[in-house]
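A.B. asks: Please find one structure pasted underneath; my questions will follow.
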Amino acid sequence: MLNIVIFGAPGSGKGTQSERIVAQYGINHISTGDVLRAEIKNGTELGKTAKGYIDQGQLLPDNLIIDMLAAKLDSFKDSKGVIFDGFPRTIAQAEALKQMLAERGQKVSVMLDLDVPEDELMKRLILRGQQSGRADDNEETIKKRLVVYHSQTAPLIEWYKNEGLYAHINGLGALETITADICKAIDAVK
Ligand code: AMP
């Protein structure tokens with residue numbers, strides 16, 4: 001089983017690269033952001049709660065996200081593995097993921113840190129907002145999301161280094177080059 005955590009700041013290319021990894025390795029994809037946006041679209045209770053946090057650029061409470069992730073994980077049948085995109089975002093979530101996988105006799109294979117300079121992140125997110133109309137891709141909310149990333153999410157880099165699972169990926173450059181670097185890191189742990 002390949003359990004890959006794709007990590008990085010908002011706009012680092014996690015979603016784009018996840019699609020390519022799914023196509024290459026035939027594993028399942030969980031994007032917590034996509035699940036939440038679907039809940040909002042469907043007008044569910046979770047969606048209503050999520051919208052308040054997302055519009056403010058804040059993280060949802062860990063327990064909500066962890067329960068949602070466990071349900072999604074159990075919905076996969078005959079899975080060859082999973083790419084976790086946008087999760088974990090806090091140390092508590094990383095610990096919950098470790099435990100959740102251990103209960104299923106599994107572990108995280110590798111954490112891929114897509115490293116992109118801050119000015120480039122801002123450019124990409126503003127462009128994405130114009131193209132996709134994603135409500136949280138506006139300058140004010142992007143700034144808040146980057147602050148949240150640095151304070152709550154970036155500490156996971158050290159956490160995964162301590163677990164011996166960290167792989168640095170240069171997230172700047174041609175899509176194909178980045179995918180090739182990612183595949184090298186995955187193949188090294190396969
Ligand atoms: P994303 O599409 O991954 O950029 O996520 C969009 C928004 O969804 C984030 O800014 C958070 O408000 C929320 N979100 C997504 N994943 C998580 C998570 N793992 N923990 C808490 N909030 C999350």
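Naming works like this for the structure tokens: A, B, ... for the chains as they're shown, residue 1 at the start of each chain, ligands 1 onward in shown order.
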Would you return as a PyMOL selection string the members of stretch 6-175 of chain A that DSSP assigns to alpha helix (DSSP H) on this structure's backbone?

C.D. replies: chain A and resi 14-25+32-41+45-55+62-75+91-103+118-132+139-148+156-163+175

A.B. asks: Around ligand 1, at most 8 Å away and counting only C-alpha atoms and all ligand atoms, which residues are there? Put them as a short mmCIF file (atom, residue, chain, number, x, y, z; two decimals) with N, CA and C atoms, in the first residue's frame, please.

C.D. replies:
```
data_model
loop_
_atom_site.label_atom_id
_atom_site.label_comp_id
_atom_site.auth_asym_id
_atom_site.auth_seq_id
_atom_site.Cartn_x
_atom_site.Cartn_y
_atom_site.Cartn_z
N PRO A 10 -0.90 26.73 0.31
CA PRO A 10 -1.94 26.92 -0.70
C PRO A 10 -1.29 27.42 -1.99
N GLY A 11 -1.66 26.83 -3.12
CA GLY A 11 -1.11 27.27 -4.41
C GLY A 11 0.18 26.58 -4.79
N SER A 31 -8.90 14.71 -1.20
CA SER A 31 -8.61 16.12 -0.99
C SER A 31 -9.66 16.64 -0.01
N THR A 32 -9.23 16.99 1.20
CA THR A 32 -10.19 17.43 2.20
C THR A 32 -10.89 18.72 1.73
N GLY A 33 -10.15 19.59 1.04
CA GLY A 33 -10.75 20.83 0.51
C GLY A 33 -11.86 20.50 -0.49
N ASP A 34 -11.61 19.54 -1.41
CA ASP A 34 -12.63 19.16 -2.40
C ASP A 34 -13.86 18.56 -1.71
N LEU A 36 -14.92 19.18 1.29
CA LEU A 36 -15.66 20.27 1.95
C LEU A 36 -16.42 21.12 0.94
N ARG A 37 -15.79 21.40 -0.21
CA ARG A 37 -16.49 22.20 -1.23
C ARG A 37 -17.73 21.46 -1.76
N ALA A 50 -18.51 24.36 7.39
CA ALA A 50 -17.23 24.53 6.67
C ALA A 50 -17.13 25.90 6.03
N LYS A 51 -18.23 26.37 5.45
CA LYS A 51 -18.21 27.63 4.70
C LYS A 51 -17.69 28.79 5.55
N TYR A 53 -15.60 28.77 8.05
CA TYR A 53 -14.14 28.68 8.22
C TYR A 53 -13.41 28.98 6.91
N ILE A 54 -13.89 28.36 5.82
CA ILE A 54 -13.18 28.50 4.54
C ILE A 54 -13.17 29.97 4.09
N ASP A 55 -14.32 30.63 4.22
CA ASP A 55 -14.40 32.04 3.79
C ASP A 55 -13.48 32.94 4.61
N GLN A 56 -13.17 32.51 5.83
CA GLN A 56 -12.27 33.29 6.69
C GLN A 56 -10.81 32.85 6.53
N GLY A 57 -10.57 31.83 5.71
CA GLY A 57 -9.21 31.33 5.51
C GLY A 57 -8.69 30.56 6.72
N GLN A 58 -9.62 30.11 7.59
CA GLN A 58 -9.21 29.39 8.81
C GLN A 58 -9.39 27.88 8.64
N LEU A 59 -8.70 27.11 9.47
CA LEU A 59 -8.85 25.65 9.43
C LEU A 59 -10.10 25.23 10.19
N LEU A 60 -10.75 24.16 9.72
CA LEU A 60 -11.86 23.57 10.48
C LEU A 60 -11.29 22.86 11.69
N PRO A 61 -12.12 22.67 12.75
CA PRO A 61 -11.63 21.94 13.93
C PRO A 61 -11.14 20.53 13.54
N ASP A 62 -10.05 20.12 14.21
CA ASP A 62 -9.42 18.83 13.88
C ASP A 62 -10.41 17.67 13.92
N ILE A 65 -12.56 17.22 10.78
CA ILE A 65 -11.80 16.79 9.61
C ILE A 65 -11.35 15.33 9.76
N ILE A 66 -10.96 14.96 10.96
CA ILE A 66 -10.46 13.59 11.19
C ILE A 66 -11.60 12.58 10.98
N ASP A 85 -4.31 14.83 0.22
CA ASP A 85 -4.04 16.16 -0.35
C ASP A 85 -4.77 17.20 0.51
N GLY A 86 -3.99 18.04 1.19
CA GLY A 86 -4.61 19.04 2.06
C GLY A 86 -4.87 18.51 3.47
N PHE A 87 -4.37 17.34 3.75
CA PHE A 87 -4.47 16.69 5.06
C PHE A 87 -3.21 15.84 5.25
N PRO A 88 -2.55 15.85 6.39
CA PRO A 88 -2.84 16.64 7.58
C PRO A 88 -2.38 18.09 7.45
N ARG A 89 -3.03 18.96 8.22
CA ARG A 89 -2.68 20.38 8.23
C ARG A 89 -2.28 20.84 9.62
N THR A 90 -2.37 19.97 10.60
CA THR A 90 -1.93 20.29 11.97
C THR A 90 -1.22 19.04 12.51
N GLN A 93 -3.68 16.39 13.46
CA GLN A 93 -4.16 15.61 12.31
C GLN A 93 -3.13 14.58 11.87
N ASP A 136 -12.40 31.59 -1.89
CA ASP A 136 -11.31 31.91 -0.96
C ASP A 136 -10.01 32.29 -1.67
N ARG A 145 -4.77 32.68 4.68
CA ARG A 145 -4.46 31.25 4.53
C ARG A 145 -2.95 31.02 4.62
#
```

A.B. asks: For A:His29, find every residue with an atom within 9 Å (counting only C-alpha atoms), except residues of its own chain fewer than 2 positions away, and show them as a ChimeraX atom specification.

C.D. replies: /A:18-19,22,27,31,81-85

A.B. asks: Rank A:Asn42, A:Lys80, A:Lys144, A:Leu69 by their smallest atom-to-atom distance to A:Gln106, using only C-alpha atoms, and report the top residue only.

C.D. replies: A:Lys80

A.B. asks: What is the atom CA of A:Ala167-atom CA of A:Val110 distance in Å, reported with one decimal?

C.D. replies: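 One can read the atom CA of A:Ala167 to atom CA of A:Val110 distance as 7.0 Å.
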
A.B. asks: Using only C-alpha atoms, pick whichever of A:Ala154, A:Val147, A:Leu172, A:Ile186 has the shortest atom-to-atom distance to A:Glu120.

C.D. replies: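 Using only C-alpha atoms, the shortest distance to A:Glu120 belongs to A:Leu172.
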
A.B. asks: Separation of atom CA of A:Ser12 and atom CA of A:Ala102, in Å?

C.D. replies: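 Interatomic distance here is 28.6 Å.
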
A.B. asks: For A:Ala71, please output as a list in words all residues within 12 Å (counting only C-alpha atoms; exclusion window: fewer than 4 positions along the same chain).

C.D. replies: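 Listed by chain and then number, they are Ile30, Thr32, Val35, Leu64, Ile65, Ile66, Asp67, Ser75, Phe76 and Met100 of chain A.
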
A.B. asks: Go through A:Ile157, A:Ile182, A:Ala23, A:Leu121 and flag the residue nearest A:Lys143, using only C-alpha atoms for the distances.

C.D. replies: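 When distances to A:Lys143 are compared using only C-alpha atoms, the smallest one comes from A:Leu121.
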
A.B. asks: Which of stretch 4-150 of chain A counts as strand (DSSP E) under DSSP, as a VMD selection string please?

C.D. replies: chain A and resid 4 to 8 28 to 31 81 to 85 110 to 115

A.B. asks: Can you tell me, as a PyMOL selection string, what residues are no more than 9 Å from A:Ala9 when counting only C-alpha atoms, ignoring any on the same chain fewer than 2 positions away?

C.D. replies: chain A and resi 7+11-14+113-116+118+121+145-146+149-150+153-154

A.B. asks: Output N, CA, C and O atoms for every residue in the selection just made, as a PDB file, in the first residue's frame.

C.D. replies:
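Below you can see out_34.pdb, which holds the result:
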```pdb
ATOM      1  N   PHE A   7       2.090  17.617   0.426  1.00  0.00           N
ATOM      2  CA  PHE A   7       2.115  18.728   1.377  1.00  0.00           C
ATOM      3  C   PHE A   7       2.588  19.986   0.664  1.00  0.00           C
ATOM      4  O   PHE A   7       3.306  19.914  -0.324  1.00  0.00           O
ATOM      5  N   GLY A  11      -1.664  26.832  -3.120  1.00  0.00           N
ATOM      6  CA  GLY A  11      -1.113  27.265  -4.406  1.00  0.00           C
ATOM      7  C   GLY A  11       0.184  26.579  -4.792  1.00  0.00           C
ATOM      8  O   GLY A  11       0.789  26.889  -5.818  1.00  0.00           O
ATOM      9  N   SER A  12       0.613  25.597  -3.994  1.00  0.00           N
ATOM     10  CA  SER A  12       1.904  24.945  -4.300  1.00  0.00           C
ATOM     11  C   SER A  12       1.774  23.874  -5.379  1.00  0.00           C
ATOM     12  O   SER A  12       2.777  23.345  -5.848  1.00  0.00           O
ATOM     13  N   GLY A  13       0.525  23.544  -5.769  1.00  0.00           N
ATOM     14  CA  GLY A  13       0.334  22.570  -6.860  1.00  0.00           C
ATOM     15  C   GLY A  13      -0.082  21.194  -6.377  1.00  0.00           C
ATOM     16  O   GLY A  13       0.025  20.220  -7.130  1.00  0.00           O
ATOM     17  N   LYS A  14      -0.569  21.078  -5.144  1.00  0.00           N
ATOM     18  CA  LYS A  14      -0.933  19.768  -4.588  1.00  0.00           C
ATOM     19  C   LYS A  14      -2.021  19.076  -5.419  1.00  0.00           C
ATOM     20  O   LYS A  14      -1.905  17.904  -5.723  1.00  0.00           O
ATOM     21  N   ASP A 113       6.962  17.394   0.193  1.00  0.00           N
ATOM     22  CA  ASP A 113       6.790  18.820   0.491  1.00  0.00           C
ATOM     23  C   ASP A 113       7.050  19.642  -0.767  1.00  0.00           C
ATOM     24  O   ASP A 113       8.188  19.822  -1.181  1.00  0.00           O
ATOM     25  N   LEU A 114       5.963  20.117  -1.391  1.00  0.00           N
ATOM     26  CA  LEU A 114       6.076  20.947  -2.601  1.00  0.00           C
ATOM     27  C   LEU A 114       6.451  22.364  -2.188  1.00  0.00           C
ATOM     28  O   LEU A 114       5.621  23.098  -1.659  1.00  0.00           O
ATOM     29  N   ASP A 115       7.694  22.718  -2.451  1.00  0.00           N
ATOM     30  CA  ASP A 115       8.239  23.977  -1.959  1.00  0.00           C
ATOM     31  C   ASP A 115       8.184  25.040  -3.059  1.00  0.00           C
ATOM     32  O   ASP A 115       8.792  24.872  -4.119  1.00  0.00           O
ATOM     33  N   VAL A 116       7.421  26.107  -2.812  1.00  0.00           N
ATOM     34  CA  VAL A 116       7.238  27.183  -3.799  1.00  0.00           C
ATOM     35  C   VAL A 116       7.380  28.523  -3.075  1.00  0.00           C
ATOM     36  O   VAL A 116       6.782  28.713  -2.012  1.00  0.00           O
ATOM     37  N   GLU A 118       6.916  32.338  -1.799  1.00  0.00           N
ATOM     38  CA  GLU A 118       5.670  33.019  -1.432  1.00  0.00           C
ATOM     39  C   GLU A 118       5.107  33.940  -2.544  1.00  0.00           C
ATOM     40  O   GLU A 118       3.898  33.953  -2.770  1.00  0.00           O
ATOM     41  N   LEU A 121       3.326  31.830  -5.019  1.00  0.00           N
ATOM     42  CA  LEU A 121       2.062  31.293  -4.487  1.00  0.00           C
ATOM     43  C   LEU A 121       0.950  32.312  -4.680  1.00  0.00           C
ATOM     44  O   LEU A 121      -0.141  32.006  -5.151  1.00  0.00           O
ATOM     45  N   ARG A 145      -4.770  32.685   4.678  1.00  0.00           N
ATOM     46  CA  ARG A 145      -4.460  31.249   4.526  1.00  0.00           C
ATOM     47  C   ARG A 145      -2.951  31.016   4.622  1.00  0.00           C
ATOM     48  O   ARG A 145      -2.507  29.989   5.135  1.00  0.00           O
ATOM     49  N   LEU A 146      -2.178  31.985   4.114  1.00  0.00           N
ATOM     50  CA  LEU A 146      -0.713  31.822   4.195  1.00  0.00           C
ATOM     51  C   LEU A 146      -0.226  31.966   5.636  1.00  0.00           C
ATOM     52  O   LEU A 146       0.669  31.254   6.062  1.00  0.00           O
ATOM     53  N   TYR A 149      -1.062  28.771   7.242  1.00  0.00           N
ATOM     54  CA  TYR A 149      -0.105  27.749   6.791  1.00  0.00           C
ATOM     55  C   TYR A 149       1.188  27.828   7.612  1.00  0.00           C
ATOM     56  O   TYR A 149       1.658  26.817   8.133  1.00  0.00           O
ATOM     57  N   HIS A 150       1.730  29.052   7.749  1.00  0.00           N
ATOM     58  CA  HIS A 150       3.018  29.180   8.457  1.00  0.00           C
ATOM     59  C   HIS A 150       2.890  28.829   9.935  1.00  0.00           C
ATOM     60  O   HIS A 150       3.789  28.207  10.495  1.00  0.00           O
ATOM     61  N   THR A 153       0.472  24.777   9.957  1.00  0.00           N
ATOM     62  CA  THR A 153       0.744  23.642   9.061  1.00  0.00           C
ATOM     63  C   THR A 153       2.249  23.404   8.855  1.00  0.00           C
ATOM     64  O   THR A 153       2.701  22.248   8.896  1.00  0.00           O
ATOM     65  N   ALA A 154       3.018  24.480   8.668  1.00  0.00           N
ATOM     66  CA  ALA A 154       4.451  24.307   8.397  1.00  0.00           C
ATOM     67  C   ALA A 154       5.198  23.503   9.483  1.00  0.00           C
ATOM     68  O   ALA A 154       6.167  22.798   9.153  1.00  0.00           O
TER      69      ALA A 154
END
```
